[in-house]
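Asks: The structure file start02.csv (CSV, C-alpha atoms) is provided below.
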chain,number,residue,atom,x,y,z
T,6,MET,CA,100.1,32.9,32.6
T,7,ILE,CA,96.8,34.4,33.6
T,8,CYS,CA,95.2,31.0,32.8
T,9,PHE,CA,97.3,29.5,35.7
T,10,CYS,CA,95.8,32.1,38.1
T,11,THR,CA,92.3,30.8,37.5
T,12,PHE,CA,93.3,27.3,38.6
T,13,PHE,CA,94.8,28.5,41.9
T,14,ALA,CA,91.8,30.8,42.5
T,15,ALA,CA,89.5,27.7,42.1
T,16,GLN,CA,91.2,26.1,45.1
T,17,PHE,CA,89.2,28.4,47.3
T,18,TYR,CA,86.0,26.8,46.0
T,19,PRO,CA,87.1,23.3,45.0
T,20,ARG,CA,84.3,21.7,43.1
T,21,ILE,CA,84.5,19.3,40.2
T,22,TYR,CA,83.2,22.0,37.8
T,23,THR,CA,85.5,24.7,39.0
T,24,LEU,CA,88.6,22.5,39.0
T,25,VAL,CA,88.0,20.8,35.6
T,26,ALA,CA,87.1,24.1,33.9
T,27,THR,CA,90.2,25.9,35.3
T,28,SER,CA,92.4,22.8,34.5
T,29,VAL,CA,91.3,23.1,30.9
T,30,LEU,CA,92.2,26.8,30.9
T,31,MET,CA,95.6,26.0,32.5
T,32,GLY,CA,96.2,23.4,29.8
T,33,LEU,CA,95.5,25.9,27.1
T,34,GLY,CA,97.7,28.4,28.8
T,35,THR,CA,100.5,25.8,29.1
T,36,GLY,CA,100.5,25.2,25.3
T,37,SER,CA,100.6,28.8,24.4
T,38,LEU,CA,103.2,29.7,27.1
T,39,TRP,CA,105.7,27.0,26.1
T,40,SER,CA,105.3,27.7,22.4
T,41,ALA,CA,106.0,31.4,23.1
T,42,ILE,CA,109.0,30.7,25.3
T,43,CYS,CA,110.6,28.2,22.8
T,44,THR,CA,110.1,30.6,19.9
T,45,TYR,CA,111.4,33.6,21.8
T,46,ILE,CA,114.5,31.8,23.1
T,47,THR,CA,115.3,30.2,19.8
T,48,LYS,CA,115.2,33.6,17.9
T,49,ILE,CA,117.3,35.5,20.4
T,50,SER,CA,119.8,32.6,20.7
T,51,SER,CA,120.4,32.7,16.9
T,52,ILE,CA,121.0,36.5,17.1
T,53,TYR,CA,123.3,36.1,20.1
T,54,ALA,CA,125.2,33.3,18.4
T,55,GLU,CA,126.0,35.6,15.4
T,56,LEU,CA,127.2,38.4,17.8
T,57,VAL,CA,129.6,36.1,19.7
T,58,GLY,CA,130.6,33.9,16.8
T,59,GLU,CA,129.4,30.6,18.4
T,60,LYS,CA,127.5,27.8,16.9
T,61,THR,CA,123.8,28.3,17.1
T,62,ASP,CA,123.0,24.9,18.5
T,63,ILE,CA,125.5,25.5,21.4
T,64,ILE,CA,123.9,28.9,22.3
T,65,VAL,CA,120.4,27.5,22.0
T,66,SER,CA,121.3,24.7,24.4
T,67,LYS,CA,122.9,27.2,26.8
T,68,PHE,CA,119.9,29.6,26.7
T,69,PHE,CA,117.4,26.7,27.2
T,70,GLY,CA,119.5,25.4,30.0
T,71,ILE,CA,119.1,28.8,31.8
T,72,VAL,CA,115.4,28.8,31.2
T,73,PHE,CA,114.9,25.3,32.4
T,74,MET,CA,117.1,25.9,35.4
T,75,PHE,CA,114.5,28.5,36.6
T,76,PHE,CA,111.6,26.4,35.5
T,77,GLN,CA,112.9,23.3,37.4
T,78,SER,CA,113.7,25.5,40.4
T,79,SER,CA,109.9,26.1,40.7
T,80,LYS,CA,109.6,22.4,41.8
T,81,LEU,CA,112.1,23.2,44.5
T,82,TRP,CA,110.4,26.3,45.9
T,83,GLY,CA,106.9,25.0,45.3
T,84,SER,CA,107.6,21.6,47.0
T,85,LEU,CA,109.4,23.3,49.9
T,86,ILE,CA,106.4,25.6,50.5
T,87,SER,CA,104.0,22.7,50.2
T,88,SER,CA,105.9,20.5,52.6
T,89,LEU,CA,106.3,23.3,55.2
T,90,VAL,CA,102.6,24.1,55.1
T,91,LEU,CA,101.3,20.5,55.0
T,92,SER,CA,103.7,19.3,57.6
T,93,VAL,CA,102.0,21.2,60.4
T,94,GLU,CA,100.5,18.8,63.0
T,95,VAL,CA,101.1,15.8,60.7
T,96,LYS,CA,100.8,12.4,62.5
T,97,ASP,CA,101.7,9.4,60.4
T,98,ALA,CA,101.2,6.1,62.2
T,99,ASN,CA,102.1,2.6,61.3
T,100,VAL,CA,104.5,3.4,58.5
T,101,THR,CA,106.4,0.2,59.0
T,102,GLU,CA,103.2,-1.8,58.5
T,103,LYS,CA,102.2,0.2,55.5
T,104,ALA,CA,105.6,-0.3,53.9
T,105,LEU,CA,104.8,-3.9,53.4
T,106,HIS,CA,102.2,-2.9,50.7
T,107,CYS,CA,104.4,-0.3,49.0
T,108,GLY,CA,106.7,-0.3,46.0
T,109,TYR,CA,106.7,-1.9,42.6
T,110,ASN,CA,104.1,-4.5,43.3
T,111,SER,CA,101.6,-2.1,44.8
T,112,CYS,CA,98.6,-1.0,42.6
T,113,ASN,CA,98.6,2.8,42.3
T,114,ALA,CA,94.9,3.2,43.1
T,115,GLU,CA,95.6,1.5,46.4
T,116,SER,CA,98.8,3.6,46.9
T,117,VAL,CA,96.8,6.7,46.4
T,118,GLY,CA,94.4,5.5,49.1
T,119,HIS,CA,97.4,5.2,51.5
T,120,SER,CA,98.6,8.6,50.5
T,121,ASN,CA,95.3,10.2,51.2
T,122,SER,CA,94.9,8.5,54.5
T,123,SER,CA,98.4,9.3,55.6
T,124,TYR,CA,97.6,12.9,56.0
T,125,SER,CA,96.0,13.0,59.5
T,126,GLY,CA,96.7,16.5,60.6
T,127,GLY,CA,95.5,17.4,64.1
T,128,SER,CA,92.1,18.9,64.3
T,129,GLU,CA,89.5,18.4,61.5
T,130,GLY,CA,89.6,22.1,60.5
T,131,SER,CA,93.4,22.2,60.1
T,132,VAL,CA,93.5,20.6,56.7
T,133,PRO,CA,91.3,23.2,54.9
T,134,SER,CA,93.2,26.1,56.6
T,135,ASN,CA,96.5,24.7,55.4
T,136,LEU,CA,95.3,24.3,51.9
T,137,TYR,CA,93.9,27.8,51.9
T,138,ILE,CA,97.3,29.1,53.0
T,139,LEU,CA,98.9,27.1,50.2
T,140,ALA,CA,96.5,28.3,47.6
T,141,THR,CA,97.0,31.9,48.6
T,142,ILE,CA,100.8,31.7,48.3
T,143,PHE,CA,100.6,30.1,44.8
T,144,LEU,CA,97.9,32.5,43.7
T,145,ILE,CA,100.0,35.5,44.6
T,146,ALA,CA,103.0,34.0,42.8
T,147,SER,CA,100.9,33.3,39.7
T,148,LEU,CA,99.6,36.9,39.7
T,149,LEU,CA,103.2,38.3,40.0
T,150,ALA,CA,104.5,36.2,37.1
T,151,PRO,CA,102.7,38.0,34.2
T,152,VAL,CA,103.5,41.4,35.8
T,153,ILE,CA,107.2,40.6,35.9
T,154,ILE,CA,107.0,39.5,32.2
T,155,VAL,CA,105.3,42.7,31.1
T,156,ILE,CA,107.7,45.0,33.0
T,157,PHE,CA,111.1,43.3,32.5
T,158,VAL,CA,111.1,41.1,29.4
T,159,ASP,CA,112.1,42.9,26.2
T,160,PRO,CA,109.8,42.3,23.2
T,161,LEU,CA,111.2,40.6,20.1
T,162,SER,CA,110.8,43.9,18.2
T,163,ARG,CA,114.0,45.1,20.0
T,164,PHE,CA,116.0,42.3,18.3
T,165,ILE,CA,114.3,41.5,15.0
T,166,ASN,CA,112.3,43.2,12.3
T,167,ILE,CA,108.8,43.0,13.9
T,168,ASP,CA,107.0,43.8,10.6
T,169,GLU,CA,108.7,41.0,8.8
T,170,SER,CA,107.9,38.7,11.8
T,171,ARG,CA,104.3,39.7,11.8
T,172,SER,CA,103.9,39.1,8.1
T,173,ARG,CA,105.1,35.5,8.7
T,174,SER,CA,103.0,34.9,11.9
T,175,LYS,CA,100.0,32.6,11.8
T,176,SER,CA,96.5,32.9,13.2
T,177,SER,CA,95.3,30.4,15.8
T,178,LEU,CA,93.5,28.4,13.1
T,179,GLN,CA,96.5,28.5,10.8
T,180,LEU,CA,98.8,27.4,13.6
T,181,LEU,CA,96.4,24.5,14.4
T,182,ALA,CA,96.3,23.4,10.8
T,183,ALA,CA,100.1,23.8,10.5
T,184,THR,CA,100.7,21.8,13.7
T,185,PHE,CA,98.8,18.7,12.3
T,186,ASN,CA,100.2,19.2,8.8
T,187,HIS,CA,103.7,19.1,10.4
T,188,LEU,CA,103.0,15.5,11.4
T,189,ARG,CA,103.6,14.7,7.7
T,190,HIS,CA,107.3,15.5,8.3
T,191,PRO,CA,109.2,12.2,8.8
T,192,TYR,CA,111.4,13.7,11.5
T,193,GLN,CA,108.3,14.9,13.5
T,194,LEU,CA,106.9,11.4,13.5
T,195,LEU,CA,110.2,10.0,14.7
T,196,LEU,CA,110.3,12.6,17.5
T,197,ILE,CA,106.8,11.8,18.9
T,198,PRO,CA,108.0,9.0,21.3
T,199,ILE,CA,110.9,10.9,22.8
T,200,SER,CA,108.7,14.0,23.2
T,201,ALA,CA,106.1,11.9,25.1
T,202,VAL,CA,109.0,10.5,27.2
T,203,VAL,CA,109.6,14.0,28.6
T,204,GLY,CA,106.0,14.2,30.0
T,205,PHE,CA,105.7,10.5,31.0
T,206,ASN,CA,109.0,10.7,32.9
T,207,THR,CA,107.8,13.6,35.0
T,208,GLY,CA,104.3,12.0,35.4
T,209,ILE,CA,105.6,8.6,36.6
T,210,LEU,CA,107.7,10.4,39.2
T,211,MET,CA,104.9,12.7,40.4
T,212,ALA,CA,102.0,10.2,40.2
T,213,ASP,CA,103.7,6.9,41.0
T,214,TYR,CA,107.0,7.3,42.7
T,215,THR,CA,105.5,9.8,45.1
T,216,ALA,CA,102.4,7.6,45.9
T,217,ALA,CA,103.7,4.1,45.8
T,218,TYR,CA,107.1,4.8,47.4
T,219,ILE,CA,107.4,8.1,49.2
T,220,SER,CA,103.8,8.7,50.6
T,221,CYS,CA,103.2,5.0,51.2
T,222,VAL,CA,106.4,4.5,53.2
T,223,LEU,CA,107.3,7.8,54.7
T,224,GLY,CA,104.0,9.8,54.6
T,225,VAL,CA,102.6,12.4,52.3
T,226,HIS,CA,104.3,15.3,54.2
T,227,MET,CA,107.7,13.9,53.0
T,228,VAL,CA,106.8,14.2,49.3
T,229,GLY,CA,107.6,17.8,49.0
T,230,TYR,CA,111.1,17.5,50.6
T,231,ILE,CA,112.1,14.8,48.2
T,232,ILE,CA,110.7,16.7,45.2
T,233,VAL,CA,112.8,19.6,46.4
T,234,CYS,CA,115.9,17.4,45.9
T,235,PHE,CA,114.6,16.5,42.5
T,236,GLY,CA,113.9,20.1,41.5
T,237,ALA,CA,117.3,21.3,42.8
T,238,SER,CA,119.2,18.6,40.9
T,239,SER,CA,117.2,19.2,37.7
T,240,ALA,CA,117.8,23.0,37.9
T,241,VAL,CA,121.6,22.7,38.4
T,242,CYS,CA,121.9,20.0,35.7
T,243,ALA,CA,119.8,22.0,33.3
T,244,LEU,CA,122.2,25.0,33.7
T,245,GLY,CA,125.3,22.8,33.0
T,246,MET,CA,123.7,20.9,30.1
T,247,SER,CA,125.1,23.1,27.3
T,248,LEU,CA,128.6,22.4,28.6
T,249,LEU,CA,127.9,18.7,28.8
T,250,VAL,CA,126.6,18.7,25.2
T,251,LYS,CA,129.7,20.7,24.1
T,252,VAL,CA,132.1,18.2,25.7
T,253,LEU,CA,130.3,14.9,25.1
T,254,GLY,CA,128.0,15.6,22.1
T,255,LEU,CA,124.3,15.4,21.7
T,256,VAL,CA,124.2,11.7,20.9
T,257,THR,CA,126.1,10.8,24.1
T,258,VAL,CA,123.9,13.0,26.2
T,259,PHE,CA,120.7,11.5,24.8
T,260,THR,CA,122.1,8.0,25.4
T,261,LEU,CA,123.0,9.0,28.9
T,262,GLY,CA,119.5,10.2,29.6
T,263,PHE,CA,118.2,6.9,28.2
T,264,LEU,CA,120.5,4.8,30.4
T,265,ILE,CA,119.7,6.8,33.6
T,266,ASN,CA,116.0,6.4,33.0
T,267,LEU,CA,116.4,2.7,32.4
T,268,GLY,CA,118.5,2.4,35.6
T,269,LEU,CA,115.8,4.2,37.6
T,270,ILE,CA,113.1,1.8,36.3
T,271,LEU,CA,115.2,-1.2,37.3
T,272,VAL,CA,115.6,0.4,40.8
T,273,MET,CA,111.8,0.8,41.0
T,274,ILE,CA,111.4,-2.9,40.0
T,275,PHE,CA,113.9,-4.5,42.4
T,276,TRP,CA,114.0,-2.1,45.4
T,277,VAL,CA,111.7,-2.9,48.3
T,278,PRO,CA,111.4,0.5,50.1
T,279,GLN,CA,111.6,0.7,53.9
T,280,PRO,CA,111.3,3.7,56.3
T,281,ASP,CA,115.0,3.3,57.2
T,282,ASP,CA,115.9,4.0,53.5
T,283,MET,CA,115.4,7.7,53.9
T,284,ILE,CA,118.7,8.7,52.2
T,285,TRP,CA,117.9,6.5,49.1
T,286,PHE,CA,114.6,8.3,48.5
T,287,PHE,CA,116.6,11.6,48.2
T,288,ILE,CA,119.3,10.0,46.0
T,289,ILE,CA,116.8,8.6,43.6
T,290,GLY,CA,115.0,12.0,43.5
T,291,GLY,CA,118.3,13.7,42.7
T,292,ILE,CA,119.2,11.2,39.9
T,293,TRP,CA,115.7,11.6,38.5
T,294,GLY,CA,116.3,15.3,38.3
T,295,LEU,CA,119.4,14.7,36.1
T,296,SER,CA,117.3,12.6,33.6
T,297,ASP,CA,114.6,15.2,33.6
T,298,ALA,CA,117.1,18.0,32.9
T,299,ILE,CA,118.4,16.0,29.9
T,300,TRP,CA,115.0,15.4,28.4
T,301,GLN,CA,113.5,18.8,29.1
T,302,THR,CA,116.4,20.8,27.7
T,303,GLN,CA,117.7,18.7,24.9
T,304,VAL,CA,114.5,17.6,23.3
T,305,THR,CA,113.5,21.2,23.1
T,306,VAL,CA,116.9,22.0,21.6
T,307,LEU,CA,116.6,19.1,19.2
T,308,TYR,CA,113.3,20.6,17.8
T,309,ALA,CA,115.0,24.0,17.4
T,310,VAL,CA,118.0,22.5,15.5
T,311,VAL,CA,115.9,20.1,13.3
T,312,PHE,CA,113.1,22.6,12.4
T,313,PRO,CA,114.8,26.0,12.2
T,314,LYS,CA,112.3,27.3,9.6
T,315,GLN,CA,109.2,25.7,11.1
T,316,MET,CA,109.6,26.8,14.7
T,317,ASP,CA,105.9,27.6,15.5
T,318,GLU,CA,104.4,24.3,14.4
T,319,ALA,CA,107.4,22.3,15.6
T,320,PHE,CA,107.3,23.7,19.2
T,321,THR,CA,103.6,23.4,19.3
T,322,ASN,CA,104.0,19.7,18.4
T,323,SER,CA,106.7,19.4,21.0
T,324,VAL,CA,104.4,20.7,23.7
T,325,LEU,CA,101.5,18.7,22.4
T,326,TRP,CA,103.3,15.3,22.7
T,327,MET,CA,105.0,16.3,26.0
T,328,CYS,CA,101.6,17.1,27.5
T,329,PHE,CA,100.2,13.9,26.0
T,330,GLY,CA,102.9,11.9,27.8
T,331,TYR,CA,102.3,13.8,31.1
T,332,SER,CA,98.5,13.4,30.9
T,333,ALA,CA,98.7,9.8,29.9
T,334,SER,CA,100.9,9.0,32.8
T,335,TYR,CA,98.5,10.7,35.3
T,336,ALA,CA,95.3,9.4,33.7
T,337,SER,CA,96.5,5.8,33.6
T,338,SER,CA,97.2,5.8,37.3
T,339,SER,CA,93.6,5.2,38.2
T,340,VAL,CA,93.3,2.2,35.9
T,341,LEU,CA,96.8,0.7,35.6
T,342,CYS,CA,99.0,-0.8,38.3
T,343,LEU,CA,102.6,0.4,38.5
T,344,ASN,CA,104.1,-2.7,36.9
T,345,SER,CA,101.9,-2.1,33.8
T,346,LYS,CA,102.9,1.6,33.5
T,347,VAL,CA,106.6,0.7,33.8
T,348,ILE,CA,106.3,-1.7,30.8
T,349,ILE,CA,104.7,1.1,28.8
T,350,PHE,CA,107.4,3.6,29.9
T,351,ILE,CA,110.2,1.1,28.8
T,352,ILE,CA,108.6,0.7,25.4
T,353,LEU,CA,108.3,4.5,25.1
T,354,LEU,CA,111.9,5.0,26.1
T,355,VAL,CA,113.2,2.4,23.5
T,356,LEU,CA,111.0,3.9,20.7
T,357,GLY,CA,112.1,7.4,21.7
T,358,ILE,CA,115.9,6.7,21.6
T,359,LEU,CA,115.6,4.7,18.4
T,360,GLY,CA,113.7,7.5,16.8
T,361,TYR,CA,116.4,10.0,17.7
T,362,TYR,CA,119.2,7.6,16.5
T,363,ALA,CA,117.3,7.3,13.2
T,364,ILE,CA,117.3,11.1,12.7
T,365,GLU,CA,121.0,11.2,13.4
T,366,THR,CA,121.7,8.4,11.0
T,367,ILE,CA,119.6,9.9,8.2
T,368,GLU,CA,121.4,13.3,8.7
T,369,LYS,CA,124.8,11.6,8.5
T,370,MET,CA,123.7,9.9,5.3
T,371,GLY,CA,122.8,13.2,3.6
T,372,GLY,CA,119.4,14.0,5.1
T,373,LEU,CA,115.8,13.6,3.8
T,374,LYS,CA,114.8,14.0,0.2
T,375,LYS,CA,113.8,17.5,-0.7
T,376,THR,CA,111.9,19.2,-3.4
T,377,ALA,CA,113.5,21.7,-5.8
T,378,ASP,CA,112.6,24.6,-3.5
T,379,GLY,CA,114.4,23.0,-0.6
T,380,ASN,CA,111.4,21.7,1.4
T,381,VAL,CA,111.4,18.2,2.8
T,382,ILE,CA,109.1,15.8,1.0
T,383,PRO,CA,106.2,14.8,3.3
T,384,LEU,CA,105.9,11.2,4.4
T,385,ASP,CA,102.6,10.5,2.6
T,386,ARG,CA,104.2,11.7,-0.7
T,387,LEU,CA,107.2,9.4,-0.2
T,388,ILE,CA,104.9,6.5,0.4
T,389,ALA,CA,102.9,7.3,-2.7
T,390,ARG,CA,106.0,7.5,-4.8
T,391,ALA,CA,107.1,4.1,-3.5
T,392,PHE,CA,104.0,2.5,-4.8
Would you encode the structure as structure tokens?
Replies:
Amino acid sequence: MICFCTFFAAQFYPRIYTLVATSVLMGLGTGSLWSAICTYITKISSIYAELVGEKTDIIVSKFFGIVFMFFQSSKLWGSLISSLVLSVEVKDANVTEKALHCGYNSCNAESVGHSNSSYSGGSEGSVPSNLYILATIFLIASLLAPVIIVIFVDPLSRFINIDESRSRSKSSLQLLAATFNHLRHPYQLLLIPISAVVGFNTGILMADYTAAYISCVLGVHMVGYIIVCFGASSAVCALGMSLLVKVLGLVTVFTLGFLINLGLILVMIFWVPQPDDMIWFFIIGGIWGLSDAIWQTQVTVLYAVVFPKQMDEAFTNSVLWMCFGYSASYASSSVLCLNSKVIIFIILLVLGILGYYAIETIEKMGGLKKTADGNVIPLDRLIARAF
């Protein structure tokens, strides 16, 4: 969490070397943080499931739903604060004329140009002052976060034998080696596309929908308000996701997430956004929040259920491929037009859902081949045996 503080502090002296260096730190912090969160929640979920006599996967889904509700609500509060601060003295002219160049057929580099030019706040000095206010608010919040964790979150030693846990813990180098060694697990390879979907889905919303649709048609000051709708929808849906899984089953929920995302892509392709379509911008943001809640919570739950004895390396892989999808979505925005990114996303979606279906099918057929000691035979050994 402290790594995040450095990035917000860098906003007071925004140079390429300060922003890139602190972005790298924030990336390292993100990987560590999510691995820690996933391991912590999975372990206390299994203990709680025994206490209440519930199935472990249901409790894991419920607990992750609560965690992701608060995580997704950060988009709500962060976007609301951003919009309120950045909306001061905004004047956005000729939106009708700009709308002619927006939407699916716009190139994202051009859309970003529109987005940047749309912020024309009053005096020349008002933009830096607004950004300093924004950076101050976020820096204070990022400093409070680790303090809250240290004071209020119980250590795992309260729930499990900490000596036994430490004896099984891995050093950083061991975890790195285990993470890449885990790629030999057939299920992990099948989960790579759907893990990348989680990040790519959020990235295409934040990088492309906001630039080519919201900023381009309505102005950059409206981005935050629509992302508030997205964050609120995602938070509420994440909280109710365990109940949905309990009623419909995991296969149906994953299929629902796939169909919702596919529907959103079709809307992006055929919808020609106009300034008068204000309500539709919010509706799409809300529906996108539902798909995000499904992917964020259930992909993490899937890793916990599929790899109960390899949580550290499994969750590290989960974060690795989620971040890969997120980074690829943002990085490709400067070199690919929206229509090209949409094709990539469709391919990723199809591969992701097929990979998940393959795991479910294999499990129903008796699961993967295992050694005498109960470990799954790595893919390279299976291939070697075949030849």
Asks: So the first atom is atom CA of Phe13 of chain T and the second is atom CA of Ile86 of chain T; what is the distance between them in Å, to one decimal place?
Replies: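 Spanning atom CA of Phe13 of chain T to atom CA of Ile86 of chain T is a straight-line distance of 14.7 Å.
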Asks: Which protein, DNA or RNA residues are at most 9 Å from (106.7, 18.7, 46.0) in the file's coordinates when you count all atoms listed in the file, listed as a PyMOL selection string?
Replies: chain T and resi 80-88+211+227-233+235-236
Asks: Determine the nearest neighbour of Cys10 of chain T from the options T:Ser50, T:Asn135, T:Ser37, T:Ser147, counting all atoms listed in the file.
Replies: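 Between T:Ser50, T:Asn135, T:Ser37, T:Ser147, the residue approaching Cys10 of chain T most closely is T:Ser147.
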Asks: Pick out the closest residue to Phe73 of chain T from this set: T:Val347, T:Cys242, T:Cys234, T:Leu267. Count only C-alpha atoms.
Replies: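 Closest candidate: T:Cys242.
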Asks: Return the single residue from T:Ile274, T:Ile46, T:Leu89, T:Ile199 that is closest to Leu353 of chain T, with distances computed using all atoms listed in the file.
Replies: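 The closest residue to Leu353 of chain T is T:Ile199.
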Asks: Identify which of the residues T:Cys8, T:Leu33, T:Ala201, T:Val252 lies closest to Ala150 of chain T, counting all atoms listed in the file when measuring atom-to-atom distances.
Replies: T:Cys8
Asks: Quote the spacing between atom CA of Lys251 of chain T and atom CA of Leu295 of chain T in Å to one decimal place.
Replies: 16.9 Å
Asks: With all atoms listed in the file as the basis for distance, which of T:Leu188, T:Ala363, T:Leu244, T:Ala309 is at the shortest distance from Leu325 of chain T?
Replies: T:Leu188
Asks: Between atom CA of Ile154 of chain T and atom CA of Thr302 of chain T, what is the distance in Å, rounded to a tenth?
Replies: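 Atom-to-atom, atom CA of Ile154 of chain T and atom CA of Thr302 of chain T are spaced 21.4 Å apart.
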Asks: For Met74 of chain T, which residue among T:Gly372, T:Gly245, T:Gly290, T:Gly330 is the nearest when counting all atoms listed in the file?
Replies: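 Answer, going by the shortest atom-to-atom distance: T:Gly245.
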Asks: Would you mind listing what lies within 12 Å of segment 158-164 of chain T as number ranges by chain, with only C-alpha atoms counted and same-chain residues fewer than 5 positions away left out?
Replies: T: 41-42, 44-53, 56, 150-153, 169-171
Asks: List as a PDB file with C-alpha atoms, keeping the file's coordinate frame the protein and nucleic acid residues near segment 193-195 of chain T, meaning an atom at most 7 Å away when all atoms listed in the file are counted, but skip any in the same chain fewer than 6 places from it.
Replies:
ATOM      1  CA  HIS T 187     103.700  19.100  10.400  1.00  0.00           C
ATOM      2  CA  GLY T 360     113.700   7.500  16.800  1.00  0.00           C
ATOM      3  CA  TYR T 361     116.400  10.000  17.700  1.00  0.00           C
TER       4      TYR T 361
END
Asks: Write out as a PyMOL selection string the residues lying within 6 Å of Gly294 of chain T, counting only C-alpha atoms and excluding same-chain residues fewer than 2 positions away.
Replies: chain T and resi 235+238-239+291-292+296-297
